[in-house]
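Worksheet: one structure, shown below.
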Amino acid sequence: MELTLEVIMVPVTDLERSKKFYEEGCGFKVDVDQEVAPGIRIIQLTPPGSRCSITLSSGLPDNPGQPGLVPGQLQGLQLCSTDLAATREALVERSVDVTPIQHVGDDGWADGPGGEWNSFVFFTDPDGNGWAVQEAPSPLAER
């Protein structure tokens, strides 16, 4: 069996505000923005260089047998960058409220970069869905 993670549903309250945040603030590419059925709108965006997209929607029913998510409830979404300082600067320039670079130290989170795979920045979208960006030692295609 081979499975690929292709799309993550991100619950939001305002599609236009969230589309603007992810497209203009985070630099995600808008792949789809359409009404797929009466009253059901889907916006799919992909982070630069990613093989996985996010979907924002309105009017879409919950998956059968699965409860829906509340906007702001999704936490722990993680992106990777091979140049975290440059990525952070780009987010700041795009008006994203992103933390300084941090790493996990002996007593929890500490300021500044850490060793390999141990440098992060964090931000939330307008609804409070939480994201981390981790510095990776090489591009995904090389790992």
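Lettering and numbering for the structure tokens are positional, with chains as A, B, ... in the shown order, residues counted from 1 in each chain, and ligands counted from 1 in the shown order.
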What lies within 12 Å of Ala37 (chain A) using only C-alpha atoms, ignoring chain neighbours under 5 positions off, as number ranges by chain? A: 42, 57-61
For Val70 (chain A), find every residue with an atom within 10 Å (counting only C-alpha atoms), except residues of its own chain fewer than 2 positions away, and show them as a PyMOL selection string. chain A and resi 10-13+67-68+72-74+127+129
Top pick for closest residue to Gln134 (chain A), considering A:Val7, A:Cys80, A:Leu15, A:Cys52 and counting only C-alpha atoms: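 So, comparing all the options, the nearest one is A:Cys80.
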What lies within 7 Å of Thr99 (chain A) using only C-alpha atoms, ignoring chain neighbours under 5 positions off, as a list in words? Val121, Phe122 and Phe123 of chain A
Restrict the selected residues to C-alpha atoms and save them as a compact mmCIF listing (two decimals), in the first residue's frame.
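Now in again-v4.txt:
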# COMPACT_ATOMS: atom_id res chain seq x y z
CA VAL A 121 8.94 29.63 14.55
CA PHE A 122 5.22 29.66 15.30
CA PHE A 123 2.18 31.57 14.08
Find the spatial neighbours of region 16-23 of chain A, counting only C-alpha atoms, within a cut-off of 8 Å - ignore same-chain residues fewer than 3 positions away - and output them as a list of chain:residue names. A:Val12, A:Cys26, A:Gly27, A:Phe28, A:Lys29, A:Val30, A:Ile43, A:Leu45, A:Leu56, A:Asp125, A:Pro126
Which of region 32-72 of chain A counts as strand (DSSP E) under DSSP, as a VMD selection string please? chain A and resid 32 to 37 40 to 46 53 to 58
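Selecting helix (DSSP H, G or I) from the backbone DSSP output for chain A yields Leu15, Glu16, Arg17, Ser18, Lys19, Lys20, Phe21, Tyr22, Glu23, Glu24, Gly25, Leu84, Ala85, Ala86, Thr87, Arg88, Glu89, Ala90, Leu91, Val92, Glu93, Leu140, Ala141 and Glu142 of chain A.
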Could those residues be written to a file, using N, CA, C and O atoms, as an mmCIF file, in the first residue's frame?
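The resulting result-v5.cif:
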data_model
loop_
_atom_site.group_PDB
_atom_site.id
_atom_site.type_symbol
_atom_site.label_atom_id
_atom_site.label_comp_id
_atom_site.auth_asym_id
_atom_site.auth_seq_id
_atom_site.Cartn_x
_atom_site.Cartn_y
_atom_site.Cartn_z
ATOM 1 N N LEU A 15 -14.041 32.853 4.918
ATOM 2 C CA LEU A 15 -13.237 32.349 3.805
ATOM 3 C C LEU A 15 -12.372 33.428 3.163
ATOM 4 O O LEU A 15 -11.205 33.184 2.861
ATOM 5 N N GLU A 16 -12.930 34.602 2.932
ATOM 6 C CA GLU A 16 -12.151 35.654 2.270
ATOM 7 C C GLU A 16 -10.970 36.104 3.126
ATOM 8 O O GLU A 16 -9.856 36.268 2.624
ATOM 9 N N ARG A 17 -11.207 36.298 4.418
ATOM 10 C CA ARG A 17 -10.127 36.709 5.319
ATOM 11 C C ARG A 17 -9.044 35.640 5.376
ATOM 12 O O ARG A 17 -7.843 35.940 5.306
ATOM 13 N N SER A 18 -9.443 34.374 5.456
ATOM 14 C CA SER A 18 -8.475 33.285 5.540
ATOM 15 C C SER A 18 -7.733 33.086 4.225
ATOM 16 O O SER A 18 -6.525 32.837 4.220
ATOM 17 N N LYS A 19 -8.442 33.200 3.115
ATOM 18 C CA LYS A 19 -7.780 33.091 1.810
ATOM 19 C C LYS A 19 -6.707 34.168 1.690
ATOM 20 O O LYS A 19 -5.575 33.891 1.277
ATOM 21 N N LYS A 20 -7.037 35.384 2.059
ATOM 22 C CA LYS A 20 -6.078 36.487 1.991
ATOM 23 C C LYS A 20 -4.873 36.216 2.898
ATOM 24 O O LYS A 20 -3.728 36.441 2.502
ATOM 25 N N PHE A 21 -5.110 35.726 4.107
ATOM 26 C CA PHE A 21 -4.018 35.425 5.036
ATOM 27 C C PHE A 21 -3.063 34.385 4.448
ATOM 28 O O PHE A 21 -1.845 34.574 4.442
ATOM 29 N N TYR A 22 -3.620 33.277 3.971
ATOM 30 C CA TYR A 22 -2.767 32.205 3.469
ATOM 31 C C TYR A 22 -2.107 32.565 2.136
ATOM 32 O O TYR A 22 -0.942 32.231 1.917
ATOM 33 N N GLU A 23 -2.838 33.264 1.257
ATOM 34 C CA GLU A 23 -2.264 33.626 -0.036
ATOM 35 C C GLU A 23 -1.271 34.779 0.082
ATOM 36 O O GLU A 23 -0.114 34.664 -0.333
ATOM 37 N N GLU A 24 -1.692 35.877 0.652
ATOM 38 C CA GLU A 24 -0.849 37.066 0.717
ATOM 39 C C GLU A 24 0.130 37.036 1.890
ATOM 40 O O GLU A 24 1.272 37.455 1.756
ATOM 41 N N GLY A 25 -0.308 36.544 3.038
ATOM 42 C CA GLY A 25 0.554 36.523 4.214
ATOM 43 C C GLY A 25 1.555 35.381 4.201
ATOM 44 O O GLY A 25 2.735 35.578 4.471
ATOM 45 N N LEU A 84 15.266 28.922 7.800
ATOM 46 C CA LEU A 84 14.228 29.405 8.699
ATOM 47 C C LEU A 84 14.294 30.913 8.906
ATOM 48 O O LEU A 84 13.264 31.581 8.954
ATOM 49 N N ALA A 85 15.484 31.468 9.002
ATOM 50 C CA ALA A 85 15.613 32.918 9.201
ATOM 51 C C ALA A 85 15.008 33.676 8.020
ATOM 52 O O ALA A 85 14.283 34.657 8.204
ATOM 53 N N ALA A 86 15.286 33.233 6.806
ATOM 54 C CA ALA A 86 14.736 33.892 5.617
ATOM 55 C C ALA A 86 13.221 33.699 5.542
ATOM 56 O O ALA A 86 12.491 34.625 5.172
ATOM 57 N N THR A 87 12.745 32.525 5.904
ATOM 58 C CA THR A 87 11.303 32.270 5.903
ATOM 59 C C THR A 87 10.611 33.154 6.928
ATOM 60 O O THR A 87 9.572 33.756 6.641
ATOM 61 N N ARG A 88 11.192 33.257 8.116
ATOM 62 C CA ARG A 88 10.613 34.116 9.143
ATOM 63 C C ARG A 88 10.553 35.556 8.651
ATOM 64 O O ARG A 88 9.546 36.243 8.804
ATOM 65 N N GLU A 89 11.638 36.025 8.063
ATOM 66 C CA GLU A 89 11.686 37.402 7.557
ATOM 67 C C GLU A 89 10.618 37.628 6.488
ATOM 68 O O GLU A 89 9.955 38.671 6.476
ATOM 69 N N ALA A 90 10.430 36.671 5.603
ATOM 70 C CA ALA A 90 9.408 36.799 4.561
ATOM 71 C C ALA A 90 8.007 36.871 5.178
ATOM 72 O O ALA A 90 7.169 37.665 4.742
ATOM 73 N N LEU A 91 7.758 36.066 6.200
ATOM 74 C CA LEU A 91 6.457 36.108 6.877
ATOM 75 C C LEU A 91 6.244 37.451 7.567
ATOM 76 O O LEU A 91 5.167 38.040 7.483
ATOM 77 N N VAL A 92 7.276 37.948 8.246
ATOM 78 C CA VAL A 92 7.189 39.246 8.907
ATOM 79 C C VAL A 92 6.905 40.348 7.884
ATOM 80 O O VAL A 92 6.040 41.203 8.101
ATOM 81 N N GLU A 93 7.613 40.320 6.753
ATOM 82 C CA GLU A 93 7.395 41.315 5.698
ATOM 83 C C GLU A 93 5.978 41.262 5.144
ATOM 84 O O GLU A 93 5.463 42.260 4.672
ATOM 85 N N LEU A 140 12.994 18.516 0.890
ATOM 86 C CA LEU A 140 12.274 17.247 1.008
ATOM 87 C C LEU A 140 12.725 16.233 -0.048
ATOM 88 O O LEU A 140 12.910 15.057 0.252
ATOM 89 N N ALA A 141 12.935 16.692 -1.270
ATOM 90 C CA ALA A 141 13.330 15.782 -2.353
ATOM 91 C C ALA A 141 14.674 15.096 -2.092
ATOM 92 O O ALA A 141 14.961 14.043 -2.664
ATOM 93 N N GLU A 142 15.482 15.668 -1.224
ATOM 94 C CA GLU A 142 16.797 15.098 -0.930
ATOM 95 C C GLU A 142 16.819 14.250 0.342
ATOM 96 O O GLU A 142 17.848 13.658 0.681
#
Choose the residue, out of A:Gly128, A:Thr55, A:Leu77, A:Val133, that has the smallest atom-to-atom separation from Ile101 (chain A); count only C-alpha atoms.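 Closest to Ile101 (chain A), using only C-alpha atoms: A:Val133.
Between CA of Asp111 (chain A) and CA of Val98 (chain A) the separation is 13.5 Å.
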Tell me, as a list of chain:residue names, which residues lie within 8 Å of Val104 (chain A), counting only C-alpha atoms; anything in the same chain fewer than 6 positions away does not count. A:Ala110, A:Gly114, A:Asn118, A:Ser119
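The residue that comes closest to Gln75 (chain A), out of A:Gly130, A:Arg143, A:Ala136, A:Asp31 and on the basis of only C-alpha atoms, is A:Gly130.
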Using only C-alpha atoms, which of the listed residues (A:Asp62, A:Asp106, A:Asp14, A:Glu6) sits closest to Pro47 (chain A)? A:Glu6
